[in-house]
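Text of run.csv, listed as CSV, C-alpha atoms and all ligand atoms:
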```
chain,number,residue,atom,x,y,z
K,1,MET,CA,111.5,129.0,76.5
K,2,LEU,CA,107.7,129.4,76.6
K,3,GLN,CA,106.2,132.0,78.9
K,4,THR,CA,103.3,130.4,80.9
K,5,LYS,CA,100.6,131.8,83.0
K,6,GLY,CA,99.4,130.0,86.0
K,7,TYR,CA,98.5,130.1,89.7
K,8,ALA,CA,101.2,129.2,92.4
K,9,ALA,CA,101.7,128.9,96.1
K,10,GLN,CA,104.8,130.9,96.8
K,11,GLN,CA,105.4,129.0,100.1
K,12,ALA,CA,103.9,126.3,102.2
K,13,GLY,CA,100.3,127.0,103.1
K,14,ALA,CA,100.2,130.3,101.2
K,15,ALA,CA,97.1,131.2,99.2
K,16,LEU,CA,97.5,130.5,95.4
K,17,GLU,CA,98.0,133.6,93.3
K,18,PRO,CA,98.7,134.5,89.7
K,19,PHE,CA,102.3,133.5,88.6
K,20,THR,CA,104.1,133.8,85.3
K,21,PHE,CA,107.0,131.4,84.6
K,22,ASP,CA,109.0,129.7,81.8
K,23,ARG,CA,108.6,126.2,80.4
K,24,ARG,CA,111.1,124.5,78.1
K,25,GLY,CA,110.5,125.0,74.4
K,26,VAL,CA,108.9,122.2,72.4
K,27,GLY,CA,111.6,119.6,71.7
K,28,PRO,CA,111.5,117.0,68.9
K,29,LYS,CA,109.5,114.5,70.9
K,30,ASP,CA,107.4,117.0,72.8
K,31,ILE,CA,103.9,118.1,72.6
K,32,LEU,CA,102.5,121.5,73.6
K,33,VAL,CA,99.2,121.0,75.3
K,34,GLN,CA,96.8,123.9,75.6
K,35,ILE,CA,95.1,123.2,78.9
K,36,HIS,CA,91.3,123.5,79.0
K,37,TYR,CA,90.6,122.0,82.4
K,38,CYS,CA,92.5,120.8,85.4
K,39,GLY,CA,91.1,118.8,88.3
K,40,VAL,CA,91.8,119.7,91.9
K,41,CYS,CA,93.1,116.6,93.7
K,42,HIS,CA,93.5,116.5,97.5
K,43,SER,CA,97.2,115.7,96.8
K,44,ASP,CA,97.5,119.3,95.5
K,45,ILE,CA,96.4,120.5,98.9
K,46,HIS,CA,98.7,118.1,100.8
K,47,GLN,CA,101.7,119.3,98.7
K,48,ALA,CA,100.8,123.0,98.6
K,49,ARG,CA,100.7,122.9,102.4
K,50,ASP,CA,103.9,120.8,102.5
K,51,GLU,CA,102.1,118.2,104.6
K,52,TRP,CA,104.2,115.3,103.2
K,53,GLY,CA,107.5,117.2,103.5
K,54,GLY,CA,110.0,118.1,100.7
K,55,SER,CA,107.7,120.4,98.7
K,56,ILE,CA,109.3,122.7,96.2
K,57,PHE,CA,108.2,126.4,95.9
K,58,PRO,CA,106.9,128.3,94.1
K,59,MET,CA,104.5,125.4,93.3
K,60,VAL,CA,102.0,125.4,90.5
K,61,PRO,CA,99.8,122.3,91.4
K,62,GLY,CA,97.6,120.3,89.1
K,63,HIS,CA,98.0,116.7,87.7
K,64,GLU,CA,94.5,116.1,86.2
K,65,ILE,CA,95.2,117.9,83.0
K,66,VAL,CA,93.1,117.8,79.8
K,67,GLY,CA,93.3,119.9,76.7
K,68,THR,CA,94.2,119.9,73.0
K,69,VAL,CA,97.5,119.6,71.2
K,70,ALA,CA,98.6,123.1,70.1
K,71,GLN,CA,102.0,122.1,68.6
K,72,VAL,CA,104.0,118.9,68.1
K,73,GLY,CA,107.8,118.4,67.9
K,74,MET,CA,109.4,117.3,64.6
K,75,GLU,CA,109.7,113.6,65.6
K,76,VAL,CA,106.3,113.2,67.3
K,77,LYS,CA,104.4,110.2,65.9
K,78,LYS,CA,101.4,109.6,68.2
K,79,PHE,CA,99.6,112.9,68.2
K,80,ARG,CA,98.5,115.7,65.9
K,81,GLU,CA,97.5,119.3,66.4
K,82,GLY,CA,94.0,119.5,67.7
K,83,ASP,CA,93.9,116.0,69.4
K,84,ARG,CA,92.2,115.8,72.8
K,85,VAL,CA,94.8,114.7,75.3
K,86,GLY,CA,95.4,114.3,79.0
K,87,VAL,CA,98.4,114.4,81.3
K,88,GLY,CA,98.4,112.8,84.7
K,89,CYS,CA,100.7,112.7,87.7
K,90,PHE,CA,104.0,112.2,86.0
K,91,VAL,CA,105.7,113.6,82.9
K,92,ASP,CA,108.7,111.3,82.6
K,93,SER,CA,110.6,108.4,84.2
K,94,CYS,CA,114.0,106.6,83.6
K,95,ARG,CA,112.4,104.4,80.9
K,96,THR,CA,115.0,101.6,81.4
K,97,CYS,CA,114.4,100.1,84.9
K,98,VAL,CA,112.3,96.9,85.4
K,99,SER,CA,109.2,98.9,86.4
K,100,CYS,CA,109.4,101.3,83.4
K,101,THR,CA,109.9,98.5,80.9
K,102,LYS,CA,106.8,96.8,82.4
K,103,GLY,CA,104.7,99.9,82.0
K,104,LEU,CA,104.8,100.6,85.7
K,105,GLU,CA,106.4,104.0,85.4
K,106,GLN,CA,104.9,105.1,88.7
K,107,TYR,CA,107.2,102.6,90.5
K,108,CYS,CA,110.3,103.7,88.5
K,109,ASP,CA,113.5,102.7,90.4
K,110,THR,CA,115.0,106.2,90.1
K,111,GLY,CA,111.6,107.8,90.6
K,112,MET,CA,109.1,109.1,88.1
K,113,ILE,CA,109.2,112.9,87.4
K,114,PHE,CA,106.1,114.3,88.9
K,115,THR,CA,104.0,116.7,86.8
K,116,TYR,CA,104.6,119.3,89.5
K,117,ASN,CA,106.7,119.5,92.7
K,118,GLY,CA,109.4,117.5,91.0
K,119,MET,CA,112.7,118.0,89.2
K,120,ASP,CA,112.9,117.5,85.5
K,121,LYS,CA,115.8,115.8,83.7
K,122,ASP,CA,117.1,119.3,82.8
K,123,GLY,CA,117.4,120.2,86.5
K,124,GLU,CA,114.5,122.6,86.4
K,125,PRO,CA,111.5,122.2,88.7
K,126,THR,CA,108.3,121.0,87.2
K,127,TYR,CA,105.1,123.1,87.2
K,128,GLY,CA,101.6,121.6,86.9
K,129,GLY,CA,98.3,122.1,85.3
K,130,TYR,CA,96.9,125.2,87.0
K,131,SER,CA,98.3,127.0,84.0
K,132,ASN,CA,97.5,127.7,80.3
K,133,HIS,CA,99.8,125.2,78.7
K,134,ILE,CA,102.3,122.4,79.4
K,135,VAL,CA,105.1,120.8,77.4
K,136,VAL,CA,105.3,117.0,77.7
K,137,ASP,CA,107.1,114.1,75.9
K,138,GLU,CA,104.6,112.3,73.7
K,139,ASN,CA,105.2,109.0,75.6
K,140,TYR,CA,103.7,110.5,78.7
K,141,VAL,CA,100.6,111.9,77.1
K,142,LEU,CA,97.2,110.1,77.0
K,143,ASN,CA,94.5,110.0,74.3
K,144,ILE,CA,91.0,111.0,75.4
K,145,PRO,CA,88.2,108.8,74.1
K,146,ASP,CA,85.3,110.4,72.2
K,147,GLY,CA,82.0,110.8,73.9
K,148,LEU,CA,83.2,112.1,77.3
K,149,SER,CA,83.4,115.8,78.0
K,150,LEU,CA,86.8,117.2,78.6
K,151,GLU,CA,85.9,118.5,82.1
K,152,GLY,CA,84.4,115.1,83.1
K,153,VAL,CA,87.6,113.4,82.0
K,154,ALA,CA,90.1,115.6,83.9
K,155,PRO,CA,89.7,113.8,87.3
K,156,LEU,CA,90.2,110.4,85.6
K,157,LEU,CA,93.9,111.3,85.1
K,158,CYS,CA,94.4,110.8,88.9
K,159,ALA,CA,91.2,109.9,90.8
K,160,GLY,CA,90.2,107.5,88.0
K,161,ILE,CA,93.5,105.6,87.5
K,162,THR,CA,94.3,105.6,91.3
K,163,THR,CA,91.1,103.6,91.9
K,164,TYR,CA,91.0,101.6,88.6
K,165,SER,CA,94.5,100.2,89.0
K,166,PRO,CA,94.2,98.4,92.3
K,167,LEU,CA,90.6,97.3,91.6
K,168,ARG,CA,92.0,95.6,88.5
K,169,GLN,CA,95.2,94.4,90.1
K,170,TRP,CA,93.3,92.6,92.9
K,171,GLY,CA,90.7,91.2,90.5
K,172,VAL,CA,87.6,93.0,92.0
K,173,GLY,CA,84.5,92.0,90.0
K,174,LYS,CA,81.3,90.0,89.9
K,175,GLY,CA,80.5,88.2,93.1
K,176,HIS,CA,82.6,90.5,95.3
K,177,LYS,CA,81.5,92.9,98.0
K,178,LEU,CA,83.5,96.1,97.9
K,179,VAL,CA,83.3,98.9,100.5
K,180,VAL,CA,84.5,102.4,99.5
K,181,VAL,CA,85.7,104.4,102.5
K,182,GLY,CA,85.4,108.2,102.0
K,183,LEU,CA,83.2,109.6,99.2
K,184,GLY,CA,85.3,112.3,97.7
K,185,GLY,CA,87.2,112.6,94.4
K,186,LEU,CA,88.8,109.1,94.5
K,187,GLY,CA,85.9,107.6,96.4
K,188,HIS,CA,83.2,108.5,93.8
K,189,MET,CA,85.3,107.0,91.0
K,190,ALA,CA,85.9,103.9,93.0
K,191,VAL,CA,82.1,103.5,93.3
K,192,LYS,CA,81.5,104.0,89.6
K,193,ILE,CA,84.4,101.8,88.5
K,194,GLY,CA,83.8,99.1,91.1
K,195,ARG,CA,80.2,98.8,90.0
K,196,ALA,CA,81.2,98.7,86.3
K,197,LEU,CA,83.5,95.9,87.1
K,198,GLY,CA,80.6,94.0,88.5
K,199,ALA,CA,81.1,94.3,92.3
K,200,GLU,CA,78.4,95.1,94.8
K,201,VAL,CA,79.4,98.4,96.3
K,202,THR,CA,78.8,99.9,99.7
K,203,VAL,CA,79.9,103.4,100.7
K,204,LEU,CA,81.2,104.2,104.2
K,205,SER,CA,81.1,108.0,104.8
K,206,ARG,CA,81.4,110.1,107.9
K,207,SER,CA,77.8,111.3,108.0
K,208,ASP,CA,74.5,110.6,106.2
K,209,ARG,CA,74.8,113.7,103.9
K,210,LYS,CA,76.1,111.8,100.9
K,211,ARG,CA,73.6,108.8,101.1
K,212,GLN,CA,71.6,109.8,98.0
K,213,ASP,CA,74.7,110.7,96.0
K,214,ALA,CA,76.1,107.3,96.8
K,215,GLU,CA,73.0,105.5,95.5
K,216,ARG,CA,72.9,107.7,92.4
K,217,LEU,CA,76.6,106.7,91.7
K,218,GLY,CA,75.7,103.0,91.9
K,219,ALA,CA,76.2,102.0,95.5
K,220,SER,CA,73.7,99.4,96.7
K,221,ASP,CA,74.3,100.2,100.4
K,222,PHE,CA,75.5,103.1,102.5
K,223,ALA,CA,76.7,103.5,106.1
K,224,SER,CA,77.9,106.3,108.2
K,225,THR,CA,80.8,106.0,110.7
K,226,SER,CA,79.1,108.6,112.9
K,227,GLN,CA,76.2,106.2,113.5
K,228,ALA,CA,76.7,103.9,116.5
K,229,GLY,CA,76.9,100.2,115.7
K,230,THR,CA,78.0,100.6,112.0
K,231,PHE,CA,81.3,98.8,112.5
K,232,THR,CA,79.5,96.0,114.4
K,233,ARG,CA,76.8,95.7,111.7
K,234,LEU,CA,79.3,95.5,108.9
K,235,ALA,CA,82.0,93.4,110.5
K,236,ARG,CA,83.5,90.7,108.3
K,237,THR,CA,81.2,91.6,105.4
K,238,PHE,CA,83.5,92.6,102.5
K,239,ASP,CA,85.9,90.9,100.2
K,240,PHE,CA,87.6,94.3,99.5
K,241,VAL,CA,88.0,97.7,101.2
K,242,ILE,CA,89.3,100.6,99.2
K,243,ASP,CA,90.3,103.4,101.6
K,244,THR,CA,90.5,106.9,100.1
K,245,VAL,CA,90.5,108.9,103.3
K,246,SER,CA,92.9,111.8,103.5
K,247,ALA,CA,93.2,112.1,107.3
K,248,PRO,CA,94.1,109.8,110.1
K,249,HIS,CA,91.4,107.3,111.0
K,250,ASP,CA,91.1,104.0,112.9
K,251,LEU,CA,92.5,101.4,110.5
K,252,ASN,CA,91.9,98.5,112.9
K,253,ALA,CA,88.2,99.2,113.0
K,254,HIS,CA,88.1,99.4,109.2
K,255,LEU,CA,90.2,96.2,108.7
K,256,ASP,CA,87.5,94.3,110.6
K,257,LEU,CA,85.1,95.1,107.8
K,258,LEU,CA,86.9,92.4,105.8
K,259,LYS,CA,86.0,88.7,105.6
K,260,THR,CA,88.7,86.0,105.9
K,261,ASP,CA,91.2,86.5,103.1
K,262,GLY,CA,89.9,89.9,102.4
K,263,THR,CA,92.1,92.7,100.9
K,264,TYR,CA,92.4,96.2,102.3
K,265,ILE,CA,93.5,98.6,99.5
K,266,LEU,CA,95.0,101.8,100.9
K,267,VAL,CA,95.1,104.7,98.5
K,268,GLY,CA,94.5,107.7,100.7
K,269,VAL,CA,97.6,109.3,102.1
K,270,PRO,CA,97.1,110.9,105.5
K,271,PRO,CA,100.2,112.9,106.4
K,272,GLU,CA,100.5,111.1,109.8
K,273,SER,CA,101.3,107.4,110.4
K,274,ILE,CA,98.3,105.2,111.5
K,275,PRO,CA,98.9,102.2,113.8
K,276,VAL,CA,97.9,98.7,112.7
K,277,ASN,CA,97.4,96.0,115.2
K,278,ALA,CA,98.8,92.6,114.1
K,279,PHE,CA,95.6,90.9,115.2
K,280,SER,CA,93.6,92.9,112.8
K,281,LEU,CA,95.4,91.1,110.0
K,282,ILE,CA,96.5,87.7,111.3
K,283,LEU,CA,93.2,86.5,112.8
K,284,ARG,CA,91.5,86.4,109.4
K,285,ARG,CA,94.5,86.1,107.0
K,286,ARG,CA,93.8,89.6,105.7
K,287,ARG,CA,96.0,91.5,103.2
K,288,LEU,CA,96.8,95.2,103.6
K,289,VAL,CA,98.0,96.6,100.3
K,290,GLY,CA,98.8,100.0,98.9
K,291,SER,CA,98.7,101.4,95.4
K,292,LEU,CA,100.0,104.5,93.7
K,293,ILE,CA,98.2,106.0,90.6
K,294,GLY,CA,98.9,103.8,87.5
K,295,GLY,CA,101.3,103.5,84.5
K,296,ILE,CA,100.8,105.1,81.1
K,297,ARG,CA,99.5,101.9,79.5
K,298,GLU,CA,97.0,101.2,82.3
K,299,THR,CA,95.9,104.9,82.4
K,300,GLN,CA,95.0,104.7,78.7
K,301,GLU,CA,93.2,101.4,79.4
K,302,MET,CA,91.2,103.1,82.2
K,303,LEU,CA,90.3,106.1,79.9
K,304,ASP,CA,89.1,103.8,77.3
K,305,PHE,CA,87.1,101.8,79.9
K,306,CYS,CA,85.5,104.9,81.2
K,307,GLY,CA,84.7,105.9,77.6
K,308,GLU,CA,83.1,102.6,76.8
K,309,HIS,CA,81.1,102.5,80.1
K,310,SER,CA,80.3,106.2,80.0
K,311,LEU,CA,81.9,106.9,83.4
K,312,PRO,CA,82.9,110.6,83.5
K,313,SER,CA,83.7,112.2,86.9
K,314,ASP,CA,81.0,114.2,88.6
K,315,VAL,CA,82.5,117.7,88.5
K,316,GLU,CA,81.9,121.2,89.7
K,317,VAL,CA,83.6,123.6,87.3
K,318,ILE,CA,85.1,126.7,88.8
K,319,PRO,CA,87.1,129.8,87.6
K,320,ILE,CA,90.7,129.7,88.8
K,321,SER,CA,90.0,132.8,91.0
K,322,GLN,CA,88.0,130.5,93.3
K,323,ILE,CA,90.8,128.0,93.8
K,324,ASN,CA,91.5,129.0,97.4
K,325,ASP,CA,87.8,128.7,98.4
K,326,ALA,CA,87.7,125.3,96.6
K,327,TYR,CA,90.6,124.0,98.7
K,328,GLU,CA,88.7,124.9,101.9
K,329,ARG,CA,85.6,123.2,100.6
K,330,VAL,CA,87.6,120.0,99.7
K,331,LEU,CA,88.9,120.0,103.3
K,332,GLN,CA,85.3,120.2,104.6
K,333,GLY,CA,84.3,117.3,102.3
K,334,ASP,CA,82.0,119.8,100.5
K,335,VAL,CA,82.5,118.9,96.9
K,336,ARG,CA,80.4,116.7,94.6
K,337,PHE,CA,82.8,115.2,93.7
K,338,ARG,CA,85.7,117.0,92.1
K,339,PHE,CA,86.4,120.7,91.4
K,340,VAL,CA,87.7,121.2,87.9
K,341,ILE,CA,89.3,124.6,87.0
K,342,ASP,CA,88.1,126.1,83.7
K,343,MET,CA,91.5,127.4,82.4
K,344,ALA,CA,89.9,129.9,80.1
K,345,SER,CA,89.3,131.9,83.3
K,346,LEU,CA,93.0,132.4,83.7
K,347,GLU,CA,92.9,135.0,80.9
K,348,ASN,CA,90.8,137.3,83.1
K,349,THR,CA,93.0,137.1,86.1
K,350,LEU,CA,96.5,138.1,84.8
X,401,LIG,P1,88.8,114.2,98.9
X,401,LIG,O1,88.0,114.5,97.6
X,401,LIG,O2,89.0,115.2,99.9
X,401,LIG,O3,88.2,112.8,99.5
X,401,LIG,C1,88.6,112.3,100.7
X,401,LIG,C2,87.4,111.8,101.5
X,401,LIG,O4,87.8,111.2,102.7
X,401,LIG,C3,86.4,112.9,101.9
X,401,LIG,O5,85.5,113.2,100.9
X,401,LIG,C4,85.8,112.3,103.1
X,401,LIG,O6,84.7,111.5,102.7
X,401,LIG,C5,86.8,111.5,103.7
X,401,LIG,N1,87.5,112.1,104.9
X,401,LIG,C6,88.1,113.3,104.9
X,401,LIG,N2,88.6,113.6,106.1
X,401,LIG,C7,88.3,112.5,106.9
X,401,LIG,C8,88.5,112.2,108.3
X,401,LIG,N3,89.1,113.0,109.1
X,401,LIG,N4,88.0,111.0,108.7
X,401,LIG,C9,87.3,110.2,107.9
X,401,LIG,N5,87.1,110.5,106.6
X,401,LIG,C10,87.5,111.6,106.1
X,401,LIG,O7,90.3,113.7,98.5
X,401,LIG,P2,90.8,112.8,97.2
X,401,LIG,O8,91.3,113.8,96.2
X,401,LIG,O9,89.8,111.8,96.9
X,401,LIG,O10,92.1,112.1,97.8
X,401,LIG,C11,92.0,111.3,98.9
X,401,LIG,C12,93.3,110.9,99.4
X,401,LIG,O11,94.0,110.1,98.4
X,401,LIG,C13,94.3,112.0,99.7
X,401,LIG,O12,95.1,111.8,100.8
X,401,LIG,C14,95.2,112.1,98.5
X,401,LIG,O13,96.4,112.7,98.7
X,401,LIG,C15,95.3,110.6,98.2
X,401,LIG,N6,95.6,110.2,96.8
X,401,LIG,C16,96.4,109.1,96.7
X,401,LIG,C17,96.7,108.7,95.4
X,401,LIG,C18,97.5,107.4,95.2
X,401,LIG,O14,98.1,107.2,94.1
X,401,LIG,N7,97.5,106.5,96.2
X,401,LIG,C19,96.3,109.4,94.3
X,401,LIG,C20,95.6,110.6,94.5
X,401,LIG,C21,95.2,111.0,95.7
X,401,LIG,P3,83.2,111.5,103.5
X,401,LIG,O15,82.8,112.9,103.4
X,401,LIG,O16,82.5,110.6,102.6
X,401,LIG,O17,83.5,111.0,104.8
X,402,ZN,ZN,96.0,113.3,92.5
X,403,ZN,ZN,112.3,103.6,85.6
```

Would you mind giving the structure from this file in structure tokens?
Amino acid sequence: MLQTKGYAAQQAGAALEPFTFDRRGVGPKDILVQIHYCGVCHSDIHQARDEWGGSIFPMVPGHEIVGTVAQVGMEVKKFREGDRVGVGCFVDSCRTCVSCTKGLEQYCDTGMIFTYNGMDKDGEPTYGGYSNHIVVDENYVLNIPDGLSLEGVAPLLCAGITTYSPLRQWGVGKGHKLVVVGLGGLGHMAVKIGRALGAEVTVLSRSDRKRQDAERLGASDFASTSQAGTFTRLARTFDFVIDTVSAPHDLNAHLDLLKTDGTYILVGVPPESIPVNAFSLILRRRRLVGSLIGGIRETQEMLDFCGEHSLPSDVEVIPISQINDAYERVLQGDVRFRFVIDMASLENTL
């Protein structure tokens, strides 16, 4: 067993506080990762507040993990001590179902094992990256390309792959108009990646506050839902929508942003259901699709793509003592564009 230091919510909605717990020892195929940075995803907040149901407590959130290899098991082949590595939203899966064999572990038939808020194969709960180290099977660990800072890479492990995967799946690229709805952690990566894939990108945000940021990130147009006439002006303009919004909103109004045969990619996960009117889809043969993170192979492809195109996340690095304030600021949409915890700060708090 490995004694680990971290921050946990002891129950739904509780403030996160210092927490010491045990992880399994390093098995033959395992890697011990010393965590340097961990991104703060809105999914951490949804789960720490049990907004989706079924949360397991105490919960150590965090699935945008980057660090260096501190130890490798006897049979590990892919990594060596000192390598820069990442761990994303899951740490294992069944490995034999159709999805797993296709490299789509996120759609594993028996369910992937979440990095936190999950049950591991040994029957123990999993604990995430708001902690000083983590033990993971080498097949679920990613290589970090040279040239990107570790803190800038952390959010790619969830926000990056969650936007990259559907943009690739649906062939978004040159000649396409893409609108990114919600300019937060996922949204800002959707702008960068969509632009790098060759699409013309518009940002749709709640207010005018993020206009300049959107342009800096690569958007060629910006619109605000609070301004009257926006939905009329932009009706039937886009080939693709990628919707990253974390709270209920009017899906029918947003569907009307699509041209005929346009595709609406839903990645945001509001806790409540949102009604969809059949006419919003049938009148223009629109597609409404969802997408969940990405498999290991595609996550590596995304990291390499972001390395080649120099697309780190825009981050605000915080000490872990500020995590509860950071959650409040994420809820206010007040982050440019991802909080990343400097895990060295953990030493000072325990
Ligand atoms: P985030 O940083 O909080 O960004 C969400 C953005 O949505 C906000 O910045 C805001 O953008 C907009 N927004 C928030 N509340 C809104 C409201 N009431 N009405 C309209 N717009 C609103 O969150 P994130 O980390 O990017 O995550 C976004 C969502 O994706 C979360 O629900 C998260 O759980 C989910 N997620 C899904 C996957 C997946 O695999 N599908 C993976 C990771 C996360 P503006 O300020 O620009 O309006
Ligand atoms: Zn996430
Ligand atoms: Zn499987």

Between atom CA of Gly262 of chain K and atom C4 of ligand LIG 401 (chain X) - distance in Å to one decimal: 22.8 Å

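Interatomic distance, atom CA of Ile265 of chain K to atom C16 of ligand LIG 401 (chain X): 11.2 Å.
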
Set the distance at 7 Å and use all atoms listed in the file: which residues neighbour segment 178-195 of chain K once local chain neighbours fewer than 4 positions away are removed? I'd like the list as a CSV table (one decimal) with C-alpha atoms, in the frame of the given file.
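The file below, out-v6.csv, is the result:
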```csv
chain,number,residue,atom,x,y,z
K,159,ALA,CA,91.2,109.9,90.8
K,160,GLY,CA,90.2,107.5,88.0
K,163,THR,CA,91.1,103.6,91.9
K,164,TYR,CA,91.0,101.6,88.6
K,199,ALA,CA,81.1,94.3,92.3
K,200,GLU,CA,78.4,95.1,94.8
K,201,VAL,CA,79.4,98.4,96.3
K,202,THR,CA,78.8,99.9,99.7
K,203,VAL,CA,79.9,103.4,100.7
K,204,LEU,CA,81.2,104.2,104.2
K,205,SER,CA,81.1,108.0,104.8
K,217,LEU,CA,76.6,106.7,91.7
K,218,GLY,CA,75.7,103.0,91.9
K,219,ALA,CA,76.2,102.0,95.5
K,238,PHE,CA,83.5,92.6,102.5
K,239,ASP,CA,85.9,90.9,100.2
K,240,PHE,CA,87.6,94.3,99.5
K,241,VAL,CA,88.0,97.7,101.2
K,242,ILE,CA,89.3,100.6,99.2
K,243,ASP,CA,90.3,103.4,101.6
K,244,THR,CA,90.5,106.9,100.1
K,245,VAL,CA,90.5,108.9,103.3
K,311,LEU,CA,81.9,106.9,83.4
K,313,SER,CA,83.7,112.2,86.9
K,333,GLY,CA,84.3,117.3,102.3
K,337,PHE,CA,82.8,115.2,93.7
K,338,ARG,CA,85.7,117.0,92.1
```

Residue contacts of segment 230-232 of chain K (8 Å, all atoms listed in the file) excluding same-chain residues fewer than 5 positions away, as a list in words: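 The residues that qualify are Ala223, Ser224, Thr225, Ala253, His254, Asp256 and Leu257 of chain K.
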
Contacts of Leu331 of chain K within 12 Å, only C-alpha atoms, excl. fewer than 4 positions in-chain, as a list of chain:residue names: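 The filter keeps K:Val40, K:Cys41, K:His42, K:Ser43, K:Asp44, K:Ile45, K:His46, K:Gly184, K:Gly185, K:Val245, K:Ser246, K:Ala247, K:Asn324, K:Asp325, K:Ala326, K:Tyr327, K:Val335.
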
Among listed residues K:Glu301, K:Asp92, K:Glu75, K:Glu64, nearest ligand ZN 403 (chain X) (using only C-alpha atoms and all ligand atoms):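 Of K:Glu301, K:Asp92, K:Glu75, K:Glu64, the one nearest ligand ZN 403 (chain X) is K:Asp92, counting only C-alpha atoms and all ligand atoms.
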
Neighbour list for Thr126 of chain K as a list in words, cut-off 6 Å, only C-alpha atoms, skip fewer than 5 positions in-chain: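 Close residues of Thr126 of chain K: Tyr116, Asn117, Gly118 and Met119 of chain K.
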
Residues within 12 Å of Ala70 of chain K, all atoms listed in the file, excluding chain neighbours under 4 positions, as number ranges by chain: K: 26, 30-36, 79-85, 132-136

Using all atoms listed in the file: which of K:Gln47, K:Ser55, K:Thr96, K:Asn139 has the shortest distance to ligand ZN 403 (chain X):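 Of K:Gln47, K:Ser55, K:Thr96, K:Asn139, the one nearest ligand ZN 403 (chain X), counting all atoms listed in the file, is K:Thr96.
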
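With the cut-off set to 6 Å and all atoms listed in the file counted, the residues surrounding ligand ZN 403 (chain X) are Ser93, Cys94, Arg95, Thr96, Cys97, Ser99, Cys100, Glu105, Cys108, Asp109 and Thr110 of chain K.
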
Because some atoms of segment 160-174 of chain K are absent here, can you restore N, CA and C atoms and send them as a PDB file, in the coordinates of the input?
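Output file out24.pdb is given in full below:
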```
ATOM      1  N   GLY K 160      90.656 108.685  88.735  1.00  0.00           N
ATOM      2  CA  GLY K 160      90.200 107.500  88.000  1.00  0.00           C
ATOM      3  C   GLY K 160      91.236 106.398  87.999  1.00  0.00           C
ATOM      4  N   ILE K 161      92.457 106.703  87.636  1.00  0.00           N
ATOM      5  CA  ILE K 161      93.500 105.600  87.500  1.00  0.00           C
ATOM      6  C   ILE K 161      93.878 105.143  88.938  1.00  0.00           C
ATOM      7  N   THR K 162      93.852 105.985  89.937  1.00  0.00           N
ATOM      8  CA  THR K 162      94.300 105.600  91.300  1.00  0.00           C
ATOM      9  C   THR K 162      93.291 104.510  91.847  1.00  0.00           C
ATOM     10  N   THR K 163      92.043 104.564  91.416  1.00  0.00           N
ATOM     11  CA  THR K 163      91.100 103.600  91.900  1.00  0.00           C
ATOM     12  C   THR K 163      90.991 102.392  90.915  1.00  0.00           C
ATOM     13  N   TYR K 164      91.069 102.678  89.626  1.00  0.00           N
ATOM     14  CA  TYR K 164      91.000 101.600  88.600  1.00  0.00           C
ATOM     15  C   TYR K 164      92.141 100.603  88.795  1.00  0.00           C
ATOM     16  N   SER K 165      93.354 101.118  88.963  1.00  0.00           N
ATOM     17  CA  SER K 165      94.500 100.200  89.000  1.00  0.00           C
ATOM     18  C   SER K 165      94.465  99.160  90.071  1.00  0.00           C
ATOM     19  N   PRO K 166      94.239  99.503  91.334  1.00  0.00           N
ATOM     20  CA  PRO K 166      94.200  98.400  92.300  1.00  0.00           C
ATOM     21  C   PRO K 166      92.942  97.549  92.206  1.00  0.00           C
ATOM     22  N   LEU K 167      91.821  98.107  91.750  1.00  0.00           N
ATOM     23  CA  LEU K 167      90.600  97.300  91.600  1.00  0.00           C
ATOM     24  C   LEU K 167      90.910  96.183  90.546  1.00  0.00           C
ATOM     25  N   ARG K 168      91.655  96.538  89.498  1.00  0.00           N
ATOM     26  CA  ARG K 168      92.000  95.600  88.500  1.00  0.00           C
ATOM     27  C   ARG K 168      93.123  94.620  88.992  1.00  0.00           C
ATOM     28  N   GLN K 169      94.117  95.198  89.640  1.00  0.00           N
ATOM     29  CA  GLN K 169      95.200  94.400  90.100  1.00  0.00           C
ATOM     30  C   GLN K 169      94.768  93.260  91.040  1.00  0.00           C
ATOM     31  N   TRP K 170      93.774  93.546  91.886  1.00  0.00           N
ATOM     32  CA  TRP K 170      93.300  92.600  92.900  1.00  0.00           C
ATOM     33  C   TRP K 170      92.080  91.803  92.371  1.00  0.00           C
ATOM     34  N   GLY K 171      91.714  92.044  91.119  1.00  0.00           N
ATOM     35  CA  GLY K 171      90.700  91.200  90.500  1.00  0.00           C
ATOM     36  C   GLY K 171      89.274  91.470  91.052  1.00  0.00           C
ATOM     37  N   VAL K 172      88.983  92.690  91.448  1.00  0.00           N
ATOM     38  CA  VAL K 172      87.600  93.000  92.000  1.00  0.00           C
ATOM     39  C   VAL K 172      86.624  92.862  90.843  1.00  0.00           C
ATOM     40  N   GLY K 173      85.535  92.160  91.092  1.00  0.00           N
ATOM     41  CA  GLY K 173      84.500  92.000  90.000  1.00  0.00           C
ATOM     42  C   GLY K 173      83.283  91.310  90.548  1.00  0.00           C
ATOM     43  N   LYS K 174      82.628  90.623  89.634  1.00  0.00           N
ATOM     44  CA  LYS K 174      81.300  90.000  89.900  1.00  0.00           C
ATOM     45  C   LYS K 174      81.451  89.038  91.112  1.00  0.00           C
TER      46      LYS K 174
END
```
